[in-house]
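K.L.:
Data: entry35.pdb, PDB, C-alpha atoms and all ligand atoms.
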ATOM      1  CA  MET A 252      83.447  93.229  57.100
ATOM      2  CA  ARG A 253      86.962  93.980  58.253
ATOM      3  CA  ARG A 254      90.079  93.002  56.333
ATOM      4  CA  LEU A 255      92.965  91.179  57.952
ATOM      5  CA  PRO A 256      95.627  93.930  58.224
ATOM      6  CA  PRO A 257      93.540  96.450  60.251
ATOM      7  CA  VAL A 258      92.314  93.653  62.548
ATOM      8  CA  LEU A 259      95.889  92.628  63.331
ATOM      9  CA  LEU A 260      97.067  96.234  63.659
ATOM     10  CA  GLU A 261      94.376  96.895  66.266
ATOM     11  CA  ASP A 262      95.727  93.906  68.202
ATOM     12  CA  GLY A 263      99.136  95.560  68.312
ATOM     13  CA  CYS A 264     100.647  92.958  65.990
ATOM     14  CA  PRO A 265     104.039  94.200  64.667
ATOM     15  CA  ARG A 266     103.911  95.469  61.073
ATOM     16  CA  ASP A 267     106.659  93.123  59.884
ATOM     17  CA  LEU A 268     104.726  90.135  61.257
ATOM     18  CA  ILE A 269     101.580  91.329  59.479
ATOM     19  CA  SER A 270     103.575  91.609  56.260
ATOM     20  CA  LEU A 271     104.926  88.116  56.747
ATOM     21  CA  ILE A 272     101.432  86.694  57.335
ATOM     22  CA  ARG A 273     100.192  88.487  54.213
ATOM     23  CA  THR A 274     103.075  86.953  52.267
ATOM     24  CA  ILE A 275     102.034  83.450  53.394
ATOM     25  CA  LEU A 276      98.458  84.271  52.408
ATOM     26  CA  ALA A 277      99.523  85.467  48.958
ATOM     27  CA  ALA A 278     100.892  81.975  48.297
ATOM     28  CA  CYS A 279      97.763  80.397  49.810
ATOM     29  CA  LYS A 280      95.510  82.388  47.468
ATOM     30  CA  GLU A 281      97.433  80.966  44.523
ATOM     31  CA  ILE A 282      97.179  77.433  46.009
ATOM     32  CA  SER A 283      93.453  78.001  46.549
ATOM     33  CA  PHE A 284      93.060  78.908  42.883
ATOM     34  CA  ARG A 285      94.994  75.845  41.689
ATOM     35  CA  VAL A 286      93.050  73.528  44.017
ATOM     36  CA  SER A 287      89.740  74.968  42.807
ATOM     37  CA  GLN A 288      90.732  74.393  39.160
ATOM     38  CA  GLY A 289      91.175  70.663  39.890
ATOM     39  CA  ALA A 290      91.602  68.557  36.787
ATOM     40  CA  LEU A 291      91.424  71.704  34.624
ATOM     41  CA  SER A 292      94.876  72.826  35.778
ATOM     42  CA  GLY A 293      96.439  69.372  35.323
ATOM     43  CA  VAL A 294      97.635  69.236  38.934
ATOM     44  CA  LEU A 295      95.770  66.185  40.220
ATOM     45  CA  GLY A 296      97.482  62.851  40.795
ATOM     46  CA  SER A 297     100.906  61.840  42.072
ATOM     47  CA  THR A 298     104.450  62.525  41.036
ATOM     48  CA  LEU A 299     106.827  59.594  40.679
ATOM     49  CA  ASP A 300     108.703  60.706  43.814
ATOM     50  CA  GLU A 301     108.402  60.189  47.547
ATOM     51  CA  ASN A 302     108.888  62.994  50.047
ATOM     52  CA  ILE A 303     111.325  62.960  52.958
ATOM     53  CA  GLN A 304     108.696  61.163  55.042
ATOM     54  CA  GLY A 305     108.627  58.278  52.520
ATOM     55  CA  GLU A 306     105.135  59.226  51.361
ATOM     56  CA  THR A 307     103.994  59.479  47.755
ATOM     57  CA  GLN A 308     104.043  63.108  46.692
ATOM     58  CA  LYS A 309     101.010  64.549  45.020
ATOM     59  CA  LYS A 310     101.594  67.065  42.223
ATOM     60  CA  LEU A 311      99.742  69.616  44.347
ATOM     61  CA  ASP A 312     102.078  68.942  47.305
ATOM     62  CA  VAL A 313     105.050  69.832  45.147
ATOM     63  CA  LEU A 314     103.389  72.871  43.621
ATOM     64  CA  SER A 315     102.132  74.227  46.962
ATOM     65  CA  ASN A 316     105.528  73.719  48.557
ATOM     66  CA  GLN A 317     107.272  75.535  45.720
ATOM     67  CA  LEU A 318     104.835  78.456  45.810
ATOM     68  CA  LEU A 319     105.205  78.967  49.570
ATOM     69  CA  LYS A 320     108.943  78.481  49.524
ATOM     70  CA  ASP A 321     109.570  80.897  46.632
ATOM     71  CA  ILE A 322     107.297  83.651  47.851
ATOM     72  CA  LEU A 323     108.551  83.463  51.450
ATOM     73  CA  LEU A 324     112.226  83.387  50.543
ATOM     74  CA  GLU A 325     111.834  86.206  48.011
ATOM     75  CA  SER A 326     109.925  88.365  50.502
ATOM     76  CA  GLY A 327     112.921  88.977  52.744
ATOM     77  CA  TYR A 328     110.723  88.522  55.857
ATOM     78  CA  VAL A 329     112.054  85.076  56.798
ATOM     79  CA  LYS A 330     115.413  83.944  58.051
ATOM     80  CA  ALA A 331     114.607  80.333  57.111
ATOM     81  CA  ILE A 332     111.769  77.985  56.289
ATOM     82  CA  ALA A 333     111.059  74.362  57.219
ATOM     83  CA  SER A 334     108.538  72.375  55.230
ATOM     84  CA  GLU A 335     107.102  68.928  55.592
ATOM     85  CA  GLU A 336     108.105  68.398  51.966
ATOM     86  CA  GLU A 337     111.761  69.477  52.373
ATOM     87  CA  GLU A 338     114.498  67.314  53.834
ATOM     88  CA  GLY A 339     116.299  70.167  55.565
ATOM     89  CA  THR A 340     115.526  73.755  56.408
ATOM     90  CA  VAL A 341     116.139  76.414  53.747
ATOM     91  CA  ALA A 342     117.939  79.643  54.610
ATOM     92  CA  GLY A 343     116.447  83.009  53.641
ATOM     93  CA  ASN A 344     117.360  86.558  54.623
ATOM     94  CA  PRO A 345     120.054  86.407  57.385
ATOM     95  CA  GLU A 346     118.811  89.767  58.749
ATOM     96  CA  ALA A 347     115.184  88.636  59.190
ATOM     97  CA  ASP A 348     113.581  88.046  62.586
ATOM     98  CA  TYR A 349     111.151  85.247  61.750
ATOM     99  CA  ILE A 350     111.153  81.618  60.674
ATOM    100  CA  VAL A 351     108.176  79.732  59.248
ATOM    101  CA  ALA A 352     107.407  76.008  59.434
ATOM    102  CA  PHE A 353     104.621  74.770  57.171
ATOM    103  CA  ASP A 354     102.729  71.828  55.798
ATOM    104  CA  PRO A 355     102.030  73.137  52.276
ATOM    105  CA  LEU A 356      99.085  70.853  51.562
ATOM    106  CA  ASP A 357      97.695  68.880  54.469
ATOM    107  CA  GLY A 358      95.433  65.942  53.609
ATOM    108  CA  SER A 359      96.714  65.876  50.043
ATOM    109  CA  SER A 360      95.254  62.404  49.378
ATOM    110  CA  ASN A 361      91.918  64.269  49.337
ATOM    111  CA  THR A 362      92.872  66.276  46.250
ATOM    112  CA  ASP A 363      91.962  63.492  43.836
ATOM    113  CA  ILE A 364      88.458  63.142  45.333
ATOM    114  CA  ASN A 365      87.721  66.899  45.411
ATOM    115  CA  SER A 366      87.613  66.929  49.195
ATOM    116  CA  LEU A 367      89.061  69.171  51.920
ATOM    117  CA  VAL A 368      92.761  70.095  52.009
ATOM    118  CA  GLY A 369      94.631  72.998  53.549
ATOM    119  CA  THR A 370      97.918  74.738  54.331
ATOM    120  CA  ILE A 371      99.115  74.846  57.954
ATOM    121  CA  PHE A 372     101.760  77.322  59.154
ATOM    122  CA  SER A 373     103.652  78.231  62.294
ATOM    123  CA  VAL A 374     105.689  81.432  62.749
ATOM    124  CA  MET A 375     108.449  81.788  65.327
ATOM    125  CA  ARG A 376     110.869  84.559  66.190
ATOM    126  CA  VAL A 377     114.633  84.130  66.185
ATOM    127  CA  PRO A 378     117.415  86.409  67.372
ATOM    128  CA  LYS A 379     119.021  88.595  64.646
ATOM    129  CA  GLU A 380     122.378  86.883  65.124
ATOM    130  CA  ALA A 381     120.946  83.339  64.737
ATOM    131  CA  ASP A 382     122.458  81.336  61.882
ATOM    132  CA  ALA A 383     119.884  81.083  59.056
ATOM    133  CA  SER A 384     121.292  77.755  57.884
ATOM    134  CA  ASP A 385     121.150  76.076  61.306
ATOM    135  CA  PRO A 386     118.076  73.777  61.566
ATOM    136  CA  ALA A 387     118.301  74.066  65.380
ATOM    137  CA  ILE A 388     116.665  77.513  65.183
ATOM    138  CA  PHE A 389     113.390  75.628  64.531
ATOM    139  CA  LEU A 390     113.647  73.528  67.683
ATOM    140  CA  GLN A 391     111.459  75.832  69.770
ATOM    141  CA  LYS A 392     108.555  74.862  71.971
ATOM    142  CA  GLY A 393     105.099  75.523  70.519
ATOM    143  CA  GLU A 394     104.610  78.087  73.282
ATOM    144  CA  GLN A 395     107.105  80.285  71.478
ATOM    145  CA  GLN A 396     105.053  80.554  68.277
ATOM    146  CA  VAL A 397     104.165  84.171  67.532
ATOM    147  CA  ALA A 398     101.505  83.221  65.009
ATOM    148  CA  ALA A 399      99.855  80.042  63.803
ATOM    149  CA  GLY A 400      97.173  79.332  61.295
ATOM    150  CA  TYR A 401      95.749  77.301  58.498
ATOM    151  CA  VAL A 402      94.034  78.039  55.218
ATOM    152  CA  LEU A 403      91.295  75.554  54.422
ATOM    153  CA  TYR A 404      90.513  75.024  50.744
ATOM    154  CA  GLY A 405      86.872  73.983  50.929
ATOM    155  CA  PRO A 406      83.615  75.211  49.380
ATOM    156  CA  SER A 407      84.938  78.546  50.588
ATOM    157  CA  THR A 408      88.578  79.274  51.357
ATOM    158  CA  MET A 409      88.958  80.109  55.036
ATOM    159  CA  LEU A 410      91.788  81.247  57.247
ATOM    160  CA  ALA A 411      92.027  80.411  60.957
ATOM    161  CA  LEU A 412      94.650  82.645  62.543
ATOM    162  CA  THR A 413      96.032  83.398  65.954
ATOM    163  CA  THR A 414      98.774  85.769  67.016
ATOM    164  CA  GLY A 415      98.196  84.904  70.668
ATOM    165  CA  LYS A 416      95.090  87.064  71.141
ATOM    166  CA  GLY A 417      92.343  84.570  70.390
ATOM    167  CA  THR A 418      91.622  82.601  67.241
ATOM    168  CA  ARG A 419      89.867  84.358  64.397
ATOM    169  CA  LEU A 420      88.250  83.036  61.235
ATOM    170  CA  PHE A 421      88.461  84.876  57.924
ATOM    171  CA  THR A 422      86.858  83.982  54.586
ATOM    172  CA  LEU A 423      88.508  84.703  51.251
ATOM    173  CA  ASP A 424      86.479  87.139  49.194
ATOM    174  CA  ARG A 425      87.465  85.899  45.755
ATOM    175  CA  THR A 426      86.157  89.023  44.026
ATOM    176  CA  HIS A 427      88.670  91.299  45.742
ATOM    177  CA  GLY A 428      91.240  88.747  46.859
ATOM    178  CA  SER A 429      91.007  89.758  50.540
ATOM    179  CA  PHE A 430      90.528  87.669  53.659
ATOM    180  CA  LEU A 431      87.557  89.189  55.526
ATOM    181  CA  LEU A 432      86.882  88.633  59.209
ATOM    182  CA  THR A 433      83.858  86.337  59.516
ATOM    183  CA  GLN A 434      84.221  85.197  63.134
ATOM    184  CA  ASP A 435      85.995  87.416  65.589
ATOM    185  CA  PHE A 436      86.713  84.965  68.369
ATOM    186  CA  ALA A 437      86.253  81.274  67.754
ATOM    187  CA  SER A 438      85.317  79.437  70.927
ATOM    188  CA  VAL A 439      85.458  75.653  71.172
ATOM    189  CA  PRO A 440      82.553  74.468  73.357
ATOM    190  CA  ALA A 441      83.927  72.692  76.445
ATOM    191  CA  GLN A 442      81.589  69.748  76.037
ATOM    192  CA  THR A 443      80.889  67.637  72.986
ATOM    193  CA  GLN A 444      79.303  64.445  71.706
ATOM    194  CA  GLU A 445      81.502  64.181  68.624
ATOM    195  CA  PHE A 446      84.924  62.620  68.105
ATOM    196  CA  ALA A 447      87.328  62.026  65.221
ATOM    197  CA  ILE A 448      89.762  59.128  64.959
ATOM    198  CA  ASN A 449      90.850  56.727  62.222
ATOM    199  CA  ALA A 450      89.011  53.743  63.689
ATOM    200  CA  SER A 451      90.634  51.314  61.253
ATOM    201  CA  ASN A 452      93.736  51.465  63.483
ATOM    202  CA  GLN A 453      91.801  50.385  66.566
ATOM    203  CA  ARG A 454      93.653  47.088  67.070
ATOM    204  CA  HIS A 455      96.989  48.963  67.060
ATOM    205  CA  TRP A 456      96.141  51.555  69.748
ATOM    206  CA  GLN A 457      97.449  51.440  73.280
ATOM    207  CA  ALA A 458      95.163  50.316  76.112
ATOM    208  CA  PRO A 459      94.040  53.781  77.371
ATOM    209  CA  MET A 460      92.829  54.879  73.912
ATOM    210  CA  GLN A 461      91.170  51.478  73.322
ATOM    211  CA  GLN A 462      89.218  51.900  76.544
ATOM    212  CA  TYR A 463      88.325  55.555  75.991
ATOM    213  CA  ILE A 464      86.925  54.917  72.486
ATOM    214  CA  ALA A 465      85.123  51.758  73.636
ATOM    215  CA  ASP A 466      83.370  53.846  76.298
ATOM    216  CA  LEU A 467      82.341  56.470  73.717
ATOM    217  CA  LEU A 468      80.976  53.777  71.421
ATOM    218  CA  ALA A 469      79.004  52.216  74.282
ATOM    219  CA  GLY A 470      76.822  55.338  74.100
ATOM    220  CA  LYS A 471      73.915  56.092  76.406
ATOM    221  CA  SER A 472      73.961  52.722  78.158
ATOM    222  CA  GLY A 473      77.766  52.832  78.667
ATOM    223  CA  PRO A 474      79.853  54.587  81.357
ATOM    224  CA  ARG A 475      79.590  57.965  79.587
ATOM    225  CA  GLY A 476      75.790  57.852  79.602
ATOM    226  CA  LYS A 477      75.400  59.620  76.253
ATOM    227  CA  ASN A 478      75.620  58.814  72.560
ATOM    228  CA  PHE A 479      78.594  60.052  70.532
ATOM    229  CA  ASN A 480      78.843  60.750  66.820
ATOM    230  CA  MET A 481      82.002  60.152  64.766
ATOM    231  CA  ARG A 482      83.535  62.082  61.843
ATOM    232  CA  TRP A 483      86.811  61.553  59.930
ATOM    233  CA  ILE A 484      87.861  63.801  57.043
ATOM    234  CA  ALA A 485      91.385  62.325  56.685
ATOM    235  CA  ALA A 486      92.799  65.853  56.573
ATOM    236  CA  MET A 487      93.714  67.240  59.976
ATOM    237  CA  VAL A 488      92.955  70.719  58.728
ATOM    238  CA  GLY A 489      89.327  69.730  57.992
ATOM    239  CA  ASP A 490      88.828  67.889  61.270
ATOM    240  CA  VAL A 491      90.352  70.705  63.332
ATOM    241  CA  HIS A 492      88.220  73.252  61.497
ATOM    242  CA  ARG A 493      85.077  71.351  62.491
ATOM    243  CA  VAL A 494      86.307  71.248  66.106
ATOM    244  CA  LEU A 495      86.929  75.021  66.026
ATOM    245  CA  CYS A 496      83.446  75.623  64.614
ATOM    246  CA  ARG A 497      81.336  73.319  66.780
ATOM    247  CA  GLY A 498      83.581  71.468  69.218
ATOM    248  CA  GLY A 499      84.633  67.836  69.314
ATOM    249  CA  LEU A 500      87.656  65.724  70.106
ATOM    250  CA  PHE A 501      90.218  64.973  67.399
ATOM    251  CA  THR A 502      92.932  62.427  67.969
ATOM    252  CA  TYR A 503      95.670  60.646  66.084
ATOM    253  CA  PRO A 504      97.039  58.513  68.905
ATOM    254  CA  ALA A 505     100.180  56.401  69.089
ATOM    255  CA  ASP A 506      99.816  53.023  67.414
ATOM    256  CA  THR A 507     101.902  49.910  66.852
ATOM    257  CA  LYS A 508     101.076  49.456  63.145
ATOM    258  CA  ASN A 509     104.627  50.343  62.170
ATOM    259  CA  PRO A 510     107.085  50.027  65.082
ATOM    260  CA  ASP A 511     109.432  52.566  63.443
ATOM    261  CA  LYS A 512     106.633  55.127  63.241
ATOM    262  CA  PRO A 513     104.490  55.123  66.394
ATOM    263  CA  TYR A 514     103.012  58.566  65.628
ATOM    264  CA  LYS A 515     101.636  60.078  62.442
ATOM    265  CA  LEU A 516     101.335  63.841  62.851
ATOM    266  CA  ARG A 517     104.288  66.211  62.759
ATOM    267  CA  LEU A 518     105.030  68.408  65.740
ATOM    268  CA  LEU A 519     106.324  71.489  63.923
ATOM    269  CA  TYR A 520     104.012  71.578  60.917
ATOM    270  CA  GLU A 521     100.759  70.182  62.327
ATOM    271  CA  ALA A 522     100.551  69.599  66.090
ATOM    272  CA  ASN A 523     102.046  72.884  67.332
ATOM    273  CA  PRO A 524     100.132  75.328  65.107
ATOM    274  CA  MET A 525      96.847  73.436  65.607
ATOM    275  CA  ALA A 526      97.455  73.285  69.371
ATOM    276  CA  MET A 527      97.924  77.063  69.499
ATOM    277  CA  LEU A 528      94.753  77.706  67.459
ATOM    278  CA  ILE A 529      92.721  75.332  69.654
ATOM    279  CA  GLU A 530      94.091  76.618  72.964
ATOM    280  CA  GLN A 531      93.515  80.213  71.884
ATOM    281  CA  ALA A 532      89.878  79.216  71.281
ATOM    282  CA  GLY A 533      89.559  77.740  74.784
ATOM    283  CA  GLY A 534      90.304  74.093  73.956
ATOM    284  CA  LEU A 535      93.133  71.772  74.965
ATOM    285  CA  ALA A 536      95.863  69.955  73.038
ATOM    286  CA  SER A 537      97.911  67.131  74.495
ATOM    287  CA  THR A 538      99.870  64.033  73.521
ATOM    288  CA  GLY A 539      98.170  62.059  76.292
ATOM    289  CA  GLU A 540     101.201  62.631  78.501
ATOM    290  CA  GLN A 541     102.123  66.230  77.948
ATOM    291  CA  ARG A 542     100.713  69.531  76.691
ATOM    292  CA  ILE A 543     101.754  69.647  73.025
ATOM    293  CA  MET A 544     103.060  73.219  73.167
ATOM    294  CA  GLU A 545     105.472  72.320  75.998
ATOM    295  CA  ILE A 546     107.319  69.661  74.004
ATOM    296  CA  GLU A 547     110.983  70.459  73.437
ATOM    297  CA  PRO A 548     111.478  69.463  69.766
ATOM    298  CA  GLN A 549     114.464  67.229  69.058
ATOM    299  CA  GLN A 550     114.320  67.341  65.271
ATOM    300  CA  ILE A 551     112.365  69.195  62.625
ATOM    301  CA  HIS A 552     110.381  66.243  61.241
ATOM    302  CA  GLN A 553     109.490  64.858  64.688
ATOM    303  CA  ARG A 554     106.066  63.231  65.034
ATOM    304  CA  VAL A 555     103.787  63.139  68.075
ATOM    305  CA  ALA A 556     100.503  61.722  69.324
ATOM    306  CA  VAL A 557      97.722  64.319  69.245
ATOM    307  CA  ILE A 558      94.553  64.638  71.316
ATOM    308  CA  LEU A 559      92.871  68.022  70.956
ATOM    309  CA  GLY A 560      89.561  69.817  71.111
ATOM    310  CA  SER A 561      86.787  70.475  73.611
ATOM    311  CA  LYS A 562      88.281  71.071  77.046
ATOM    312  CA  ASP A 563      86.126  68.753  79.163
ATOM    313  CA  GLU A 564      86.290  65.917  76.631
ATOM    314  CA  VAL A 565      90.073  66.142  76.239
ATOM    315  CA  GLU A 566      90.375  66.093  80.032
ATOM    316  CA  THR A 567      88.181  62.987  80.170
ATOM    317  CA  CYS A 568      90.333  61.310  77.518
ATOM    318  CA  LEU A 569      93.493  62.261  79.430
ATOM    319  CA  SER A 570      92.085  60.746  82.642
ATOM    320  CA  TYR A 571      92.280  57.336  80.874
ATOM    321  CA  HIS A 572      95.994  57.927  80.279
ATOM    322  CA  GLN A 573      96.983  58.638  83.862
TER     323      GLN A 573
HETATM  324  O1  LIG A 601      99.337  64.728  57.672
HETATM  325  C1  LIG A 601      98.791  63.596  57.760
HETATM  326  C2  LIG A 601      97.283  63.448  57.553
HETATM  327  O2  LIG A 601      96.883  63.576  56.219
HETATM  328  C3  LIG A 601      96.400  64.356  58.420
HETATM  329  O3  LIG A 601      96.048  65.534  57.793
HETATM  330  C4  LIG A 601      95.210  63.468  58.681
HETATM  331  O4  LIG A 601      94.563  63.788  59.903
HETATM  332  C5  LIG A 601      95.808  62.104  58.695
HETATM  333  O5  LIG A 601      97.046  62.156  58.012
HETATM  334  C6  LIG A 601      94.950  61.080  58.006
HETATM  335  O6  LIG A 601      95.444  59.853  58.311
HETATM  336  P1  LIG A 601      94.836  58.487  57.736
HETATM  337  O7  LIG A 601      95.486  58.301  56.414
HETATM  338  O8  LIG A 601      95.255  57.474  58.733
HETATM  339  O9  LIG A 601      93.365  58.653  57.632
END
Can you turn what I pasted into structure tokens?
P.N.:
Amino acid sequence: MRRLPPVLLEDGCPRDLISLIRTILAACKEISFRVSQGALSGVLGSTLDENIQGETQKKLDVLSNQLLKDILLESGYVKAIASEEEEGTVAGNPEADYIVAFDPLDGSSNTDINSLVGTIFSVMRVPKEADASDPAIFLQKGEQQVAAGYVLYGPSTMLALTTGKGTRLFTLDRTHGSFLLTQDFASVPAQTQEFAINASNQRHWQAPMQQYIADLLAGKSGPRGKNFNMRWIAAMVGDVHRVLCRGGLFTYPADTKNPDKPYKLRLLYEANPMAMLIEQAGGLASTGEQRIMEIEPQQIHQRVAVILGSKDEVETCLSYHQ
């Protein structure tokens, strides 16, 4: 099985970008180890603090953030980082060409139940002369990402990675500490009979999503004429991984539960990198109104509605929104 660096080199990926990706993965291997130790490493449970998003911070959130931040900033490969767990961006090497936005531990409420969590990252290029301390350097459309990926800490630790030439899946070989290529080109089937949504929010959704889900639930005797199955892992990284492996539609739509927070998922740390991975595997990713990767970000912690996955099913869902 092939290791990650030669695979990326064959693609013509620049050496400094490969080094940067390997730096992110070095931190992820450490996170993977800590996650796998669970209660043995004393990292389960919450801290007494809230993060910038007003959410309770898990000890593993803090630890994962610190590991990624330290290793990236020390590497010299990044001009700045933005993290879901940091209020502002953090400047790195002013001479560097790349910036990285990341969600250090997605789905962290799953840590205490020994269920799926993961790290999501997005890499963008910036001009040499760009100011490392200016958060505006992160306000790039998803289309401008030069690499995107996630590391899923599950029964095995897996990496989904794209540098714009398809989406590949690697599995961590714990014996040698290398990510080995286990699926060369992931391909999301265009059709599906599986969807993922937090159905407990149903009464708060807007009319188009209410109708779309009602039609899926109506099954064979409804307008769709087939039965659908539902899954919800409560970690985007786990749900998107399933979609990459066998297709499906994943959505976290707008809702009116909290008028100050109509959307849940973050554009820079979650929606954009996942959209690139899914599109590179032949799927679609939209807000319901717009292709996610065409959104012009207004601020680093911006949130958006997300509908992504199997092409035909996403298109059907979007037809309800027109
Ligand atoms: O980042 C937020 C997140 O944990 C996602 O990973 C996941 O898809 C979603 O929230 C779960 O939301 P809920 O708590 O509504 O199930």
K.L.:
Hey, which residues come within 9 Å of ligand LIG 601 (chain A) if we count only C-alpha atoms and all ligand atoms? Could you give them as a ChimeraX atom specification?
P.N.:
/A:354,356-361,368-369,448-452,483-491,501-503,515-517,520-521
K.L.:
Quick one: pull the distance between CA of Gln396 (chain A) and CA of Val374 (chain A), Å, one decimal.
P.N.:
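Atom-to-atom, CA of Gln396 (chain A) and CA of Val374 (chain A) are spaced 5.6 Å apart.
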K.L.:
Could you pull the residues within 7 Å of region 559-561 of chain A, counting only C-alpha atoms, minus those fewer than 6 positions along the same chain, as an NGL selection string?
P.N.:
:A and (439-443 or 494 or 498-502 or 529 or 534-537)
K.L.:
Could you pull out every residue with an atom within 12 Å of (99.9, 54.0, 68.2), file coordinates, counting only C-alpha atoms, and send them as a VMD selection string?
P.N.:
chain A and resid 448 to 461 502 to 516 538 to 539 554 to 557
K.L.:
Closest to Leu468 (chain A) among A:Ile282, A:Ile558, A:Ala347, A:Met481, using only C-alpha atoms?
P.N.:
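Comparing A:Ile282, A:Ile558, A:Ala347, A:Met481 against Leu468 (chain A), the winner is A:Met481.
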K.L.:
Quick check on the file I pasted: which residues fall under the PyMOL selection byres (((chain A and resi 542-547) around 8) and not hetatm)? Write them as a list in words.
P.N.:
Leu390, Gln391, Lys392, Gly393, Glu394, Ala522, Asn523, Ala526, Met527, Ala536, Ser537, Thr538, Gly539, Glu540, Gln541, Pro548, Gln549 and Val557 of chain A
K.L.:
Restricting the calculation to only C-alpha atoms: of A:Asn365, A:Thr370, A:Ser326, A:Gln444, which residue gets closest to Thr274 (chain A)?
P.N.:
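Of all the options, A:Ser326 lies closest to Thr274 (chain A).
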K.L.:
Might you pull out every residue within 9 Å of Gln434 (chain A), with all atoms listed in the file counted and same-chain residues fewer than 4 positions away left off, and present them as JSON, numbers by chain?
P.N.:
{"A": [418, 419, 420, 421]}
